[in-house]
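Here is model_24.tsv, consisting of TSV, C-alpha atoms and all ligand atoms:
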```
chain	number	residue	atom	x	y	z
A	209	MET	CA	5.60	110.91	-36.83
A	210	LYS	CA	5.63	111.58	-40.55
A	211	ILE	CA	3.86	108.90	-42.58
A	212	ILE	CA	4.84	108.26	-46.19
A	213	ARG	CA	2.41	106.06	-48.13
A	214	ALA	CA	3.88	103.59	-50.58
A	215	LYS	CA	1.90	101.67	-53.18
A	216	ASP	CA	3.59	98.35	-52.58
A	217	TYR	CA	6.78	96.72	-51.30
A	218	GLN	CA	8.93	97.96	-54.17
A	219	ASP	CA	7.69	101.51	-53.76
A	220	MET	CA	8.29	101.32	-49.99
A	221	SER	CA	11.82	100.04	-50.61
A	222	ARG	CA	12.68	102.81	-53.07
A	223	LYS	CA	11.28	105.55	-50.85
A	224	ALA	CA	13.18	104.24	-47.82
A	225	ALA	CA	16.38	103.89	-49.87
A	226	ASN	CA	15.95	107.48	-51.04
A	227	ILE	CA	15.88	108.70	-47.45
A	228	ILE	CA	18.99	106.69	-46.54
A	229	SER	CA	20.74	107.90	-49.71
A	230	ALA	CA	20.00	111.50	-48.80
A	231	GLN	CA	21.58	110.89	-45.38
A	232	VAL	CA	24.73	109.39	-46.92
A	233	ILE	CA	25.03	112.16	-49.51
A	234	MET	CA	24.46	114.95	-46.97
A	235	LYS	CA	26.85	113.46	-44.42
A	236	PRO	CA	29.26	110.94	-46.03
A	237	ASP	CA	30.75	109.99	-42.65
A	238	CYS	CA	27.38	109.39	-41.03
A	239	VAL	CA	26.52	106.63	-38.58
A	240	LEU	CA	23.74	104.44	-39.94
A	241	GLY	CA	21.79	102.20	-37.56
A	242	LEU	CA	20.69	99.17	-39.57
A	243	ALA	CA	18.02	96.50	-39.28
A	244	THR	CA	17.68	92.97	-40.59
A	245	GLY	CA	14.57	90.90	-41.32
A	246	GLY	CA	12.47	90.59	-44.44
A	247	THR	CA	11.25	94.17	-44.70
A	248	PRO	CA	14.51	96.03	-45.46
A	249	VAL	CA	15.83	93.52	-48.02
A	250	GLY	CA	14.41	95.56	-50.92
A	251	THR	CA	15.74	98.77	-49.41
A	252	TYR	CA	19.27	97.34	-49.30
A	253	ALA	CA	18.90	95.99	-52.85
A	254	GLN	CA	17.97	99.47	-54.03
A	255	LEU	CA	20.95	101.03	-52.25
A	256	VAL	CA	23.25	98.43	-53.84
A	257	ASP	CA	21.77	99.26	-57.26
A	258	TRP	CA	22.41	102.98	-56.81
A	259	TYR	CA	25.92	102.22	-55.54
A	260	ASN	CA	26.57	100.16	-58.68
A	261	LYS	CA	25.39	103.08	-60.79
A	262	GLY	CA	27.91	105.32	-59.07
A	263	ASP	CA	25.35	107.38	-57.16
A	264	LEU	CA	26.38	106.35	-53.65
A	265	ASP	CA	29.66	106.09	-51.77
A	266	PHE	CA	29.77	104.19	-48.46
A	267	SER	CA	33.53	104.49	-47.90
A	268	GLU	CA	33.18	106.83	-44.92
A	269	VAL	CA	29.96	105.40	-43.48
A	270	THR	CA	29.94	103.61	-40.13
A	271	THR	CA	27.14	101.17	-39.29
A	272	VAL	CA	25.74	99.79	-36.06
A	273	ASN	CA	23.13	97.07	-36.28
A	274	LEU	CA	20.18	96.80	-33.98
A	275	ASP	CA	20.54	93.26	-32.84
A	276	GLU	CA	21.99	89.77	-33.12
A	277	TYR	CA	20.85	86.35	-31.96
A	278	ARG	CA	22.74	85.30	-28.81
A	279	GLY	CA	24.63	82.10	-29.46
A	280	LEU	CA	24.80	82.23	-33.28
A	281	PRO	CA	28.27	82.53	-34.82
A	282	LYS	CA	28.82	85.06	-37.61
A	283	GLU	CA	29.08	82.27	-40.19
A	284	HIS	CA	25.60	80.90	-39.43
A	285	PRO	CA	23.35	81.71	-42.42
A	286	GLN	CA	20.70	83.12	-40.08
A	287	SER	CA	23.05	85.32	-38.09
A	288	TYR	CA	22.40	89.00	-38.62
A	289	TRP	CA	26.06	89.51	-39.46
A	290	TYR	CA	25.62	87.01	-42.32
A	291	PHE	CA	22.43	88.79	-43.43
A	292	MET	CA	24.13	92.18	-43.51
A	293	ASN	CA	27.08	90.81	-45.40
A	294	GLU	CA	24.82	89.12	-47.97
A	295	ASN	CA	22.47	92.05	-48.45
A	296	LEU	CA	24.73	95.07	-48.16
A	297	PHE	CA	28.25	94.97	-46.76
A	298	SER	CA	29.82	92.69	-49.38
A	299	LYS	CA	28.09	94.57	-52.20
A	300	VAL	CA	29.15	98.16	-51.52
A	301	ASN	CA	32.42	99.89	-50.67
A	302	ILE	CA	31.82	100.01	-46.94
A	303	ASP	CA	34.92	99.47	-44.78
A	304	PRO	CA	34.33	96.19	-42.85
A	305	ALA	CA	36.15	97.75	-39.90
A	306	LYS	CA	33.39	100.36	-39.73
A	307	THR	CA	30.54	97.82	-39.51
A	308	ASN	CA	29.36	96.85	-36.04
A	309	LEU	CA	26.97	94.23	-34.70
A	310	PRO	CA	26.56	92.70	-31.27
A	311	ASP	CA	28.72	89.55	-31.03
A	312	GLY	CA	26.30	86.64	-30.62
A	313	THR	CA	29.12	84.31	-29.62
A	314	ASN	CA	30.11	86.37	-26.59
A	315	LEU	CA	27.99	84.72	-23.92
A	316	ASP	CA	29.26	87.12	-21.26
A	317	THR	CA	26.14	89.28	-21.45
A	318	ALA	CA	27.35	92.16	-19.30
A	319	ALA	CA	30.66	92.42	-21.17
A	320	GLU	CA	29.05	92.24	-24.62
A	321	CYS	CA	26.38	94.83	-23.83
A	322	ALA	CA	28.99	97.17	-22.34
A	323	ARG	CA	31.22	96.70	-25.41
A	324	TYR	CA	28.39	97.50	-27.81
A	325	ASN	CA	27.13	100.49	-25.84
A	326	GLY	CA	30.72	101.74	-25.72
A	327	ILE	CA	30.94	101.62	-29.53
A	328	ILE	CA	27.71	103.60	-29.98
A	329	HIS	CA	28.73	106.20	-27.40
A	330	LYS	CA	32.20	106.60	-28.91
A	331	LEU	CA	30.63	107.19	-32.32
A	332	GLY	CA	28.57	110.00	-30.83
A	333	GLY	CA	25.25	108.29	-31.44
A	334	ILE	CA	23.36	107.37	-34.58
A	335	ASP	CA	22.47	109.77	-37.41
A	336	LEU	CA	19.77	107.63	-38.98
A	337	GLN	CA	18.29	104.47	-37.49
A	338	LEU	CA	16.44	102.12	-39.83
A	339	LEU	CA	13.79	99.98	-38.13
A	340	GLY	CA	11.34	97.26	-39.04
A	341	ILE	CA	8.44	96.54	-36.73
A	342	GLY	CA	7.38	93.15	-35.43
A	343	PRO	CA	3.77	91.94	-35.70
A	344	ASN	CA	3.66	92.44	-31.90
A	345	GLY	CA	4.98	96.00	-32.17
A	346	HIS	CA	8.57	95.22	-31.23
A	347	ILE	CA	11.41	97.42	-32.49
A	348	GLY	CA	14.85	95.89	-32.52
A	349	PHE	CA	14.21	92.93	-30.27
A	350	ASN	CA	12.60	95.12	-27.64
A	351	GLU	CA	9.57	92.97	-26.99
A	352	PRO	CA	6.29	94.17	-25.44
A	353	GLY	CA	6.87	95.00	-21.80
A	354	GLU	CA	10.52	96.07	-22.18
A	355	ALA	CA	11.52	99.15	-20.22
A	356	PHE	CA	11.90	102.22	-22.42
A	357	GLU	CA	15.10	103.40	-20.70
A	358	LEU	CA	17.43	100.52	-21.60
A	359	GLU	CA	20.51	100.56	-23.81
A	360	THR	CA	21.92	97.33	-25.31
A	361	HIS	CA	20.74	94.32	-23.34
A	362	CYS	CA	19.95	90.64	-23.67
A	363	ILE	CA	16.31	89.65	-24.15
A	364	ASP	CA	14.25	86.47	-24.27
A	365	LEU	CA	12.44	86.39	-27.61
A	366	ALA	CA	8.66	86.53	-27.26
A	367	PRO	CA	6.82	83.37	-28.43
A	368	THR	CA	5.20	85.46	-31.19
A	369	THR	CA	8.66	86.54	-32.43
A	370	ILE	CA	9.91	82.94	-32.44
A	371	GLU	CA	6.79	82.04	-34.40
A	372	ALA	CA	7.29	84.94	-36.85
A	373	ASN	CA	10.99	84.16	-37.36
A	374	LYS	CA	10.82	80.39	-37.70
A	375	ARG	CA	10.35	80.91	-41.44
A	376	PHE	CA	14.08	81.66	-41.53
A	377	PHE	CA	14.91	78.41	-39.67
A	378	ASP	CA	13.34	75.75	-41.92
A	379	GLY	CA	9.97	76.54	-40.33
A	380	ASN	CA	11.20	74.85	-37.12
A	381	GLU	CA	10.76	76.97	-34.00
A	382	ASN	CA	13.14	74.70	-32.07
A	383	LEU	CA	15.96	75.97	-34.28
A	384	VAL	CA	15.22	79.65	-33.54
A	385	PRO	CA	17.59	81.02	-30.86
A	386	LYS	CA	15.65	81.96	-27.75
A	387	GLN	CA	17.70	85.02	-26.81
A	388	ALA	CA	19.17	88.01	-28.58
A	389	TYR	CA	21.27	91.07	-27.88
A	390	THR	CA	19.41	94.20	-28.85
A	391	MET	CA	19.97	97.90	-28.83
A	392	GLY	CA	17.57	99.31	-26.27
A	393	ILE	CA	14.80	101.79	-26.84
A	394	LYS	CA	16.80	104.53	-25.12
A	395	THR	CA	19.51	104.18	-27.78
A	396	ILE	CA	16.98	104.04	-30.62
A	397	MET	CA	15.24	107.17	-29.32
A	398	GLN	CA	18.56	109.01	-29.16
A	399	ALA	CA	19.12	108.48	-32.91
A	400	ARG	CA	18.87	111.84	-34.65
A	401	LYS	CA	16.50	110.45	-37.28
A	402	VAL	CA	14.45	107.25	-37.28
A	403	LEU	CA	13.13	105.56	-40.42
A	404	VAL	CA	10.59	102.75	-39.97
A	405	VAL	CA	9.66	100.47	-42.85
A	406	ALA	CA	6.58	98.25	-42.82
A	407	ASN	CA	4.70	96.28	-45.43
A	408	GLY	CA	1.93	93.73	-45.60
A	409	LYS	CA	-1.27	93.00	-43.72
A	410	ALA	CA	0.56	91.17	-40.92
A	411	LYS	CA	1.95	94.55	-39.80
A	412	ALA	CA	-1.30	96.53	-39.98
A	413	GLN	CA	-2.26	96.16	-36.30
A	414	ALA	CA	1.27	96.88	-35.06
A	415	VAL	CA	1.45	99.97	-37.29
A	416	LYS	CA	-1.92	101.17	-36.04
A	417	ASP	CA	-0.92	100.66	-32.39
A	418	ALA	CA	2.47	102.31	-32.92
A	419	VAL	CA	1.05	105.34	-34.72
A	420	THR	CA	-2.27	105.99	-32.98
A	421	GLY	CA	-2.29	103.91	-29.81
A	422	PRO	CA	-1.23	105.01	-26.36
A	423	VAL	CA	2.52	105.28	-25.81
A	424	THR	CA	3.07	102.13	-23.80
A	425	PRO	CA	5.67	99.37	-23.38
A	426	ALA	CA	2.86	97.00	-24.46
A	427	CYS	CA	3.61	98.27	-27.98
A	428	PRO	CA	7.32	99.23	-28.05
A	429	GLY	CA	6.92	100.98	-31.43
A	430	SER	CA	4.49	103.44	-29.87
A	431	ILE	CA	7.42	105.28	-28.23
A	432	LEU	CA	8.31	106.54	-31.70
A	433	GLN	CA	5.38	108.96	-31.48
A	434	LEU	CA	7.62	110.93	-29.12
A	435	HIS	CA	10.64	110.99	-31.43
A	436	PRO	CA	11.20	114.46	-32.93
A	437	ASP	CA	12.19	113.16	-36.38
A	438	CYS	CA	10.60	109.81	-37.14
A	439	ILE	CA	9.42	108.78	-40.61
A	440	LEU	CA	7.28	105.73	-41.31
A	441	VAL	CA	7.34	104.45	-44.89
A	442	ALA	CA	4.65	101.81	-45.28
A	443	ASP	CA	2.62	100.20	-48.02
A	444	GLU	CA	-1.16	100.30	-48.35
A	445	GLU	CA	-1.67	96.98	-46.56
A	446	ALA	CA	0.41	97.95	-43.53
A	447	LEU	CA	-1.51	101.24	-43.35
A	448	SER	CA	-4.90	99.61	-43.91
A	449	LEU	CA	-6.11	99.95	-40.29
A	450	LEU	CA	-5.23	103.63	-39.94
A	501	LIG	C1	15.63	93.21	-37.14
A	501	LIG	C2	14.81	93.65	-36.03
A	501	LIG	C3	13.36	93.34	-35.94
A	501	LIG	C4	12.63	93.33	-37.28
A	501	LIG	C5	11.17	92.98	-37.08
A	501	LIG	C6	10.43	92.88	-38.40
A	501	LIG	O1	16.97	93.66	-36.99
A	501	LIG	O2	15.31	94.27	-35.14
A	501	LIG	O3	12.74	94.27	-35.08
A	501	LIG	O4	12.76	94.59	-37.86
A	501	LIG	O5	11.07	91.74	-36.44
A	501	LIG	O6	10.94	91.81	-39.12
A	501	LIG	P1	10.53	91.54	-40.64
A	501	LIG	O7	11.05	92.68	-41.43
A	501	LIG	O8	11.20	90.24	-40.98
A	501	LIG	O9	9.05	91.46	-40.64
```

Translate this file's structure into structure tokens.
Ligand code: F6R
Amino acid sequence: MKIIRAKDYQDMSRKAANIISAQVIMKPDCVLGLATGGTPVGTYAQLVDWYNKGDLDFSEVTTVNLDEYRGLPKEHPQSYWYFMNENLFSKVNIDPAKTNLPDGTNLDTAAECARYNGIIHKLGGIDLQLLGIGPNGHIGFNEPGEAFELETHCIDLAPTTIEANKRFFDGNENLVPKQAYTMGIKTIMQARKVLVVANGKAKAQAVKDAVTGPVTPACPGSILQLHPDCILVADEEALSLL
């Protein structure tokens, strides 16, 4: 794993956006795997800024997102579809027909997972997968203990993830959905390039475990040590235990 040190959140965001920009410029019809959450917000803002300056063209890009809460409709302000629309899709010239997320309203788990896996397979896999990392080491919503060999599946959110994400639901954990559809680790590991972003002290232990700990389902991010082209862009605080 290649580690790129950033001074702070803004520096992390610019460095990550540079790597994504390079991918889009080198292969305009690339497949980008995208993440939601707090960490990549600055990265998307930087990409939007460069798009507005005429430096980036998303017209041929296809996207597949990592995950979506099961049960939330697209229009819910905390759905990942809504997040992507707010932070990126509505602000650049991406073709909405080329953006893909699991459908949280399809409660037929087997059918929805098969549909989403089918999309990723038909696209021929992912050129660059952007990831955040949870304080418990999760990637996507692959929580500690998840099998490494899964593709898209439905998971029960870990209590620590519900706790970490309640900030997006008025601080009320009862409002946080308890399940999500997530791309599996097998799919993430098949991406041709993986870019992990991490910032802040709350991620320091997870980053340490993912980068230097044993490769174990107890820390899902640790599998990335075995990826042939994985880059971690993290700020000083997130790297403080290394
Ligand atoms: C988001 C996702 C999650 C987040 C992780 C970190 O699509 O799959 O794995 O990347 O929970 O979230 P933040 O960035 O909010 O700390």

Cut-off 8 Å around (28.2, 103.5, -44.2) with all atoms listed in the file: residues as JSON, numbers by chain: {"A": [232, 236, 237, 238, 239, 240, 266, 267, 268, 269, 270, 271, 302, 303, 306, 307]}

Selection file, C-alpha atoms, as a short mmCIF file (atom, residue, chain, number, x, y, z; two decimals), keeping the file's coordinate frame:
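Dumped to again.cif:
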```
data_model
loop_
_atom_site.label_atom_id
_atom_site.label_comp_id
_atom_site.auth_asym_id
_atom_site.auth_seq_id
_atom_site.Cartn_x
_atom_site.Cartn_y
_atom_site.Cartn_z
CA VAL A 232 24.73 109.39 -46.92
CA PRO A 236 29.26 110.94 -46.03
CA ASP A 237 30.75 109.99 -42.65
CA CYS A 238 27.38 109.39 -41.03
CA VAL A 239 26.52 106.63 -38.58
CA LEU A 240 23.74 104.44 -39.94
CA PHE A 266 29.77 104.19 -48.46
CA SER A 267 33.53 104.49 -47.90
CA GLU A 268 33.18 106.83 -44.92
CA VAL A 269 29.96 105.40 -43.48
CA THR A 270 29.94 103.61 -40.13
CA THR A 271 27.14 101.17 -39.29
CA ILE A 302 31.82 100.01 -46.94
CA ASP A 303 34.92 99.47 -44.78
CA LYS A 306 33.39 100.36 -39.73
CA THR A 307 30.54 97.82 -39.51
#
```

Taking all atoms listed in the file into account, name the residue in A:Cys321, A:Ala406, A:Ala442, A:Leu449 that is nearest to ligand LIG 501 (chain A). A:Ala406

Listing only residues of chain A within 6 Å of ligand LIG 501 (chain A), what is the closest atom pair and its distance in Å (to one decimal) for each, using all atoms listed in the file, sorted by chain and residue number ascending, as CSV?
```
residue,atom,partner,partner_atom,distance
A:Ala243,CA,A:LIG501,O1,3.8
A:Thr244,CA,A:LIG501,O1,3.7
A:Gly245,CA,A:LIG501,O8,3.5
A:Gly246,CA,A:LIG501,O8,3.7
A:Thr247,CA,A:LIG501,O7,3.6
A:Leu274,CA,A:LIG501,O1,5.4
A:Asp275,CA,A:LIG501,O1,5.5
A:Leu339,CA,A:LIG501,O4,5.5
A:Gly340,CA,A:LIG501,O4,3.2
A:Ile341,CA,A:LIG501,C6,4.5
A:Gly342,CA,A:LIG501,O5,4.1
A:His346,CA,A:LIG501,O3,5.8
A:Ile347,CA,A:LIG501,O3,4.3
A:Gly348,CA,A:LIG501,O2,3.1
A:Phe349,CA,A:LIG501,O2,5.2
```

Each residue of range 406-431 of chain A with at least one atom at most 12 Å from range 354-368 of chain A should appear once, together with its nearest atom pair and the corresponding distance in Å (one decimal); atoms considered: only C-alpha atoms; ordering: chain, then increasing residue number; output as a tab-separated table.
```
residue	atom	partner	partner_atom	distance
A:Val423	CA	A:Phe356	CA	10.4
A:Thr424	CA	A:Phe356	CA	8.9
A:Pro425	CA	A:Glu354	CA	6.0
A:Ala426	CA	A:Glu354	CA	8.0
A:Cys427	CA	A:Glu354	CA	9.3
A:Pro428	CA	A:Glu354	CA	7.4
A:Gly429	CA	A:Phe356	CA	10.4
A:Ser430	CA	A:Phe356	CA	10.6
A:Ile431	CA	A:Phe356	CA	7.9
```

Which one is closest to Val384 in chain A: A:Arg323, A:Arg278, A:Lys411, A:Arg400? Count all atoms listed in the file.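 Comparing A:Arg323, A:Arg278, A:Lys411, A:Arg400 against Val384 in chain A, the winner is A:Arg278.
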
Need to verify the contact set: Ile233 in chain A, 9 Å, only C-alpha atoms, exclusion of same-chain residues closer than 3 positions in sequence. Can you return it as a PyMOL selection string? chain A and resi 228-230+236+264-265

Select, from A:Pro385, A:Leu447, A:Asn273, A:Ala399, the residue with the minimum atom-to-atom distance to Val415 in chain A, counting all atoms listed in the file. A:Leu447

Expressed in Å to a single decimal, how great is the separation between CA of Gln218 in chain A and CA of Ala410 in chain A?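 Separation of CA of Gln218 in chain A and CA of Ala410 in chain A: 17.1 Å.
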
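The interatomic distance for the pair CA of Asp216 in chain A and CA of Gly408 in chain A works out to 8.5 Å.
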
Record the distance separating CA of Ile227 in chain A and CA of Leu336 in chain A, expressed in Å with one decimal.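 Straight-line distance from CA of Ile227 in chain A to CA of Leu336 in chain A works out to 9.4 Å.
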
Pick out the closest residue to Pro248 in chain A from this set: A:Val404, A:Ala414, A:Ile327, A:Met234. Count all atoms listed in the file.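 Among the listed residues, A:Val404 lies closest to Pro248 in chain A.
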
Nearest residue to Tyr324 in chain A from the set A:Gln413, A:Ser298, A:Thr395, A:Ser221 (distances using only C-alpha atoms): A:Thr395

Padding 4 Å on each side, edges along x, y and z: where is the centre of the box around the listed atoms of range 342-357 of chain A, and how long are its edges in Å to one decimal? Output it as lines of an AutoDock Vina configuration file.
```
center_x = 9.4
center_y = 97.7
center_z = -28.0
size_x = 19.4
size_y = 19.5
size_z = 23.5
```

Ranking A:Lys261, A:Ala253, A:Val272, A:Ala318 by minimum distance to Asn295 in chain A and counting only C-alpha atoms, which one comes first?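 Going through A:Lys261, A:Ala253, A:Val272, A:Ala318 one by one, the smallest distance to Asn295 in chain A is for A:Ala253.
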
Can you pull out every residue within 10 Å of Arg213 in chain A, counting only C-alpha atoms, but drop anything in the same chain fewer than 2 positions away, and send it as a ChimeraX atom specification? /A:210-211,215-216,219-220,223,440-444,446-447
